[in-house]
Amino acid sequence: MHTKTIKELSALLQSKAVTATELATHFLDRIEQSDLNAFLHVDRALTLAQAAEADQRIANGTATPLTGVPIAHKDIFVTRDWRSTAGSKMLANYVSPFDATVVEKFRAAGMVTLGKLNCDEFAMGSANENSAFGPVKNPWDKTAVPGGSSGGSAAAVAARLAPGVTGTDTGGSIRQPAAFCGITGIKPTYGRVSRFGMIAFASSLDQGGPMAQTAEDCALLLNAMAGFDERDSTSLTPELGGIDEDFTRELGQPLSGLRIGVPKEYFGEGLARDVEDAVRAALAKYVELGATLVDVSLPNTALSIPAYYMIAPAEASSNLSRFDGVRFGHRADGYKDLADMYRKTRAEGFGAEVKRRIMVGTYVLCHGYYDAYYLKAQKIRRLIAQDFEAVLNGPDAVCDVIMGPVAPTVAWDLGDKSDDPVAAYLADIYTLSTSLAGLPGMSIPVGFGQGDKNANRPVGLQIIGKHFGEAKLLNVAHAYQQATDWHTRAPSGI
């Protein structure tokens, strides 16, 4: 059962060839036997109770297409019954009194929660090595990172511990781990998916999205996730695109006439040869399917790293100020006064990367530095958005989607960049600009690295679209997956 897609599991459940309880038990057993550290909290009784409810809905004829299908949530979404830690000691034993909107929506659809997934602390990282609860291992090569911050999510799908999961993407944290683990993941247009109940990192960038084996599965999950939420001030209102829609509606459409923009900035110095070869082969396959390749330029791509690492830490320093030991979460022992409690609590509760970003963010927001750093970064953000606008939507638009690598290399070894945070930041070069522009983007598996070390480490193709262009992106990905089998491949022993 664990090798089947969400679409296939849904059909089996609706035909009553398998029950939700049997399915949940099967996945729970697999999770129990796994050594990947992908899950942070599993509660068999809670999961089986939800499965029993799903079986009742199927028996009553009130099921949705997702009823009874198992799902697991990145531990950045708060949950009423499972712990919500954000991968941090600061929230090690926190249990939320409410569910995040995303969790609520999947429960309303009748999906069965398997548990909470490991992630970089407060979603800050590119390798899932920043979790207070230990790193996640890549199922394809357990000596490699799974990517981050949604590394637990990606590893769970790749290892077939869950057919579908939730992730969040601030600067590439759905797309990069999806690429490193050889699965499919999509970051929707900013505002498409509610942020209510998502523990905030950078509020103008954070966006939830689905991860699964196939583009079709991601479309089914996005159908349940997306939509306006009045509890989230950044949620798109219906007139601006925050509507319930069928993201499967374009699946199966031919790609004849599709114009694919290939940015020269994505294929320059720093891109590993094995990654480039796999991406170029995927682009050639798209030409076979009827698409046309168009050379484009996104001249401000290189500025996305300094702009992002000004804006995101600034927002993080503000968002994480609430974790002070007063209302909830970790509180230090042995403090002298309130100020001492703040200092000791935050020193003990936050990991090194979170402290680093808080300090950078606080610095760039200080009087005298705001204009020089933060304001300038916001201006660069606008220039980056204009680059995309010019090639996708402007009067001289030349392409319908943009394609290129997700990351410059395949997954690196665990510990390789632990002492060099800047090297990890540079790995986000191809994903940050999409997030800064608020555009939808996704990753699909298109091959593997080369050589003895990298031959078992996946390569992902990034597909970027216009605002609200998720349905088209998903069809573009689906067409490729109908013509290839990279998305069907699983790590040895799975």
# chains A, B, ... in the order shown; residues from 1 in each chain; ligands from 1

call {"tool": "select_by_dssp", "arguments": {"residues": "range 439-488 of chain A", "states": "strand (DSSP E or B)", "output": "PyMOL selection string"}}
result
chain A and resi 441-448+458-464

call {"tool": "write_last_selection", "arguments": {"atoms": "N, CA and C atoms", "output": "PDB file, in the first residue's frame"}}
result
ATOM      1  N   GLY A 441       5.995  28.171  -7.422  1.00  0.00           N
ATOM      2  CA  GLY A 441       7.105  27.404  -7.971  1.00  0.00           C
ATOM      3  C   GLY A 441       7.048  25.987  -7.456  1.00  0.00           C
ATOM      4  N   MET A 442       7.583  25.064  -8.217  1.00  0.00           N
ATOM      5  CA  MET A 442       7.550  23.676  -7.772  1.00  0.00           C
ATOM      6  C   MET A 442       8.811  22.947  -8.202  1.00  0.00           C
ATOM      7  N   SER A 443       9.007  21.789  -7.614  1.00  0.00           N
ATOM      8  CA  SER A 443      10.132  20.924  -7.954  1.00  0.00           C
ATOM      9  C   SER A 443       9.605  19.547  -8.311  1.00  0.00           C
ATOM     10  N   ILE A 444      10.165  18.981  -9.382  1.00  0.00           N
ATOM     11  CA  ILE A 444       9.855  17.595  -9.745  1.00  0.00           C
ATOM     12  C   ILE A 444      11.170  16.852  -9.969  1.00  0.00           C
ATOM     13  N   PRO A 445      11.198  15.547  -9.674  1.00  0.00           N
ATOM     14  CA  PRO A 445      12.440  14.786  -9.864  1.00  0.00           C
ATOM     15  C   PRO A 445      12.712  14.536 -11.340  1.00  0.00           C
ATOM     16  N   VAL A 446      13.997  14.730 -11.753  1.00  0.00           N
ATOM     17  CA  VAL A 446      14.343  14.559 -13.166  1.00  0.00           C
ATOM     18  C   VAL A 446      15.620  13.742 -13.366  1.00  0.00           C
ATOM     19  N   GLY A 447      16.136  13.128 -12.324  1.00  0.00           N
ATOM     20  CA  GLY A 447      17.335  12.338 -12.489  1.00  0.00           C
ATOM     21  C   GLY A 447      18.161  12.267 -11.220  1.00  0.00           C
ATOM     22  N   PHE A 448      19.422  11.876 -11.387  1.00  0.00           N
ATOM     23  CA  PHE A 448      20.331  11.715 -10.257  1.00  0.00           C
ATOM     24  C   PHE A 448      21.689  12.323 -10.596  1.00  0.00           C
ATOM     25  N   PRO A 458      19.136  12.499  -5.742  1.00  0.00           N
ATOM     26  CA  PRO A 458      18.251  13.021  -6.780  1.00  0.00           C
ATOM     27  C   PRO A 458      18.539  14.468  -7.192  1.00  0.00           C
ATOM     28  N   VAL A 459      18.077  14.787  -8.404  1.00  0.00           N
ATOM     29  CA  VAL A 459      18.117  16.140  -8.951  1.00  0.00           C
ATOM     30  C   VAL A 459      16.688  16.586  -9.211  1.00  0.00           C
ATOM     31  N   GLY A 460      16.380  17.836  -8.876  1.00  0.00           N
ATOM     32  CA  GLY A 460      15.053  18.376  -9.106  1.00  0.00           C
ATOM     33  C   GLY A 460      15.052  19.469 -10.161  1.00  0.00           C
ATOM     34  N   LEU A 461      13.968  19.541 -10.934  1.00  0.00           N
ATOM     35  CA  LEU A 461      13.736  20.616 -11.898  1.00  0.00           C
ATOM     36  C   LEU A 461      12.768  21.606 -11.276  1.00  0.00           C
ATOM     37  N   GLN A 462      13.124  22.888 -11.304  1.00  0.00           N
ATOM     38  CA  GLN A 462      12.229  23.919 -10.784  1.00  0.00           C
ATOM     39  C   GLN A 462      11.377  24.477 -11.923  1.00  0.00           C
ATOM     40  N   ILE A 463      10.081  24.597 -11.656  1.00  0.00           N
ATOM     41  CA  ILE A 463       9.138  25.187 -12.620  1.00  0.00           C
ATOM     42  C   ILE A 463       8.471  26.370 -11.929  1.00  0.00           C
ATOM     43  N   ILE A 464       8.597  27.542 -12.519  1.00  0.00           N
ATOM     44  CA  ILE A 464       8.067  28.783 -11.933  1.00  0.00           C
ATOM     45  C   ILE A 464       6.988  29.329 -12.860  1.00  0.00           C
TER      46      ILE A 464
END

call {"tool": "residues_around", "arguments": {"residues": "range 49-62 of chain A", "least_positions_apart": "6", "cutoff": "6 Å", "atoms": "only C-alpha atoms", "output": "list in words"}}
result
Ala20, Thr21, Gly68, Gly110 and Val112 of chain A

call {"tool": "residues_around", "arguments": {"residues": "range 231-245 of chain A", "least_positions_apart": "3", "cutoff": "8 Å", "atoms": "only C-alpha atoms", "output": "VMD selection string"}}
result
chain A and resid 191 to 196 223 226 to 228 468

call {"tool": "write_last_selection", "arguments": {"atoms": "C-alpha atoms", "output": "PDB file, in the first residue's frame"}}
result
ATOM      1  CA  GLY A 191      -1.436  34.237   0.086  1.00  0.00           C
ATOM      2  CA  ARG A 192      -3.077  31.202  -1.559  1.00  0.00           C
ATOM      3  CA  VAL A 193      -2.760  29.043   1.564  1.00  0.00           C
ATOM      4  CA  SER A 194      -3.644  30.389   5.002  1.00  0.00           C
ATOM      5  CA  ARG A 195      -0.817  31.155   7.404  1.00  0.00           C
ATOM      6  CA  PHE A 196      -3.121  31.056  10.430  1.00  0.00           C
ATOM      7  CA  ASN A 223      -7.560  21.631  -3.562  1.00  0.00           C
ATOM      8  CA  ALA A 226      -6.058  26.648  -0.581  1.00  0.00           C
ATOM      9  CA  GLY A 227      -8.677  29.356  -0.090  1.00  0.00           C
ATOM     10  CA  PHE A 228      -9.390  32.604   1.698  1.00  0.00           C
ATOM     11  CA  PHE A 468      -2.241  32.166  -9.552  1.00  0.00           C
TER      12      PHE A 468
END

call {"tool": "residues_around", "arguments": {"residues": "range 268-273 of chain A", "least_positions_apart": "6", "cutoff": "12 Å", "atoms": "only C-alpha atoms", "output": "PyMOL selection string"}}
result
chain A and resi 262+279-280+297+301-302+404-411+423+426-430+448-451+454+459

call {"tool": "residues_around", "arguments": {"residues": "Thr189 in chain A", "least_positions_apart": "6", "cutoff": "9 Å", "atoms": "only C-alpha atoms", "output": "number ranges by chain"}}
result
A: 207, 435, 438-441, 466-470

call {"tool": "residues_around", "arguments": {"residues": "Pro306 in chain A", "least_positions_apart": "3", "cutoff": "10 Å", "atoms": "only C-alpha atoms", "output": "PyMOL selection string"}}
result
chain A and resi 302-303+309-311+373+377+380+425-426

call {"tool": "closest_residue", "arguments": {"among": "A:Leu23, A:Leu28, A:Ala162, A:Ala127", "to": "Trp412 in chain A", "atoms": "only C-alpha atoms"}}
result
A:Ala127

call {"tool": "atom_distance", "arguments": {"atom1": "CA of Val145 in chain A", "atom2": "CA of Glu121 in chain A"}}
result
15.1 Å
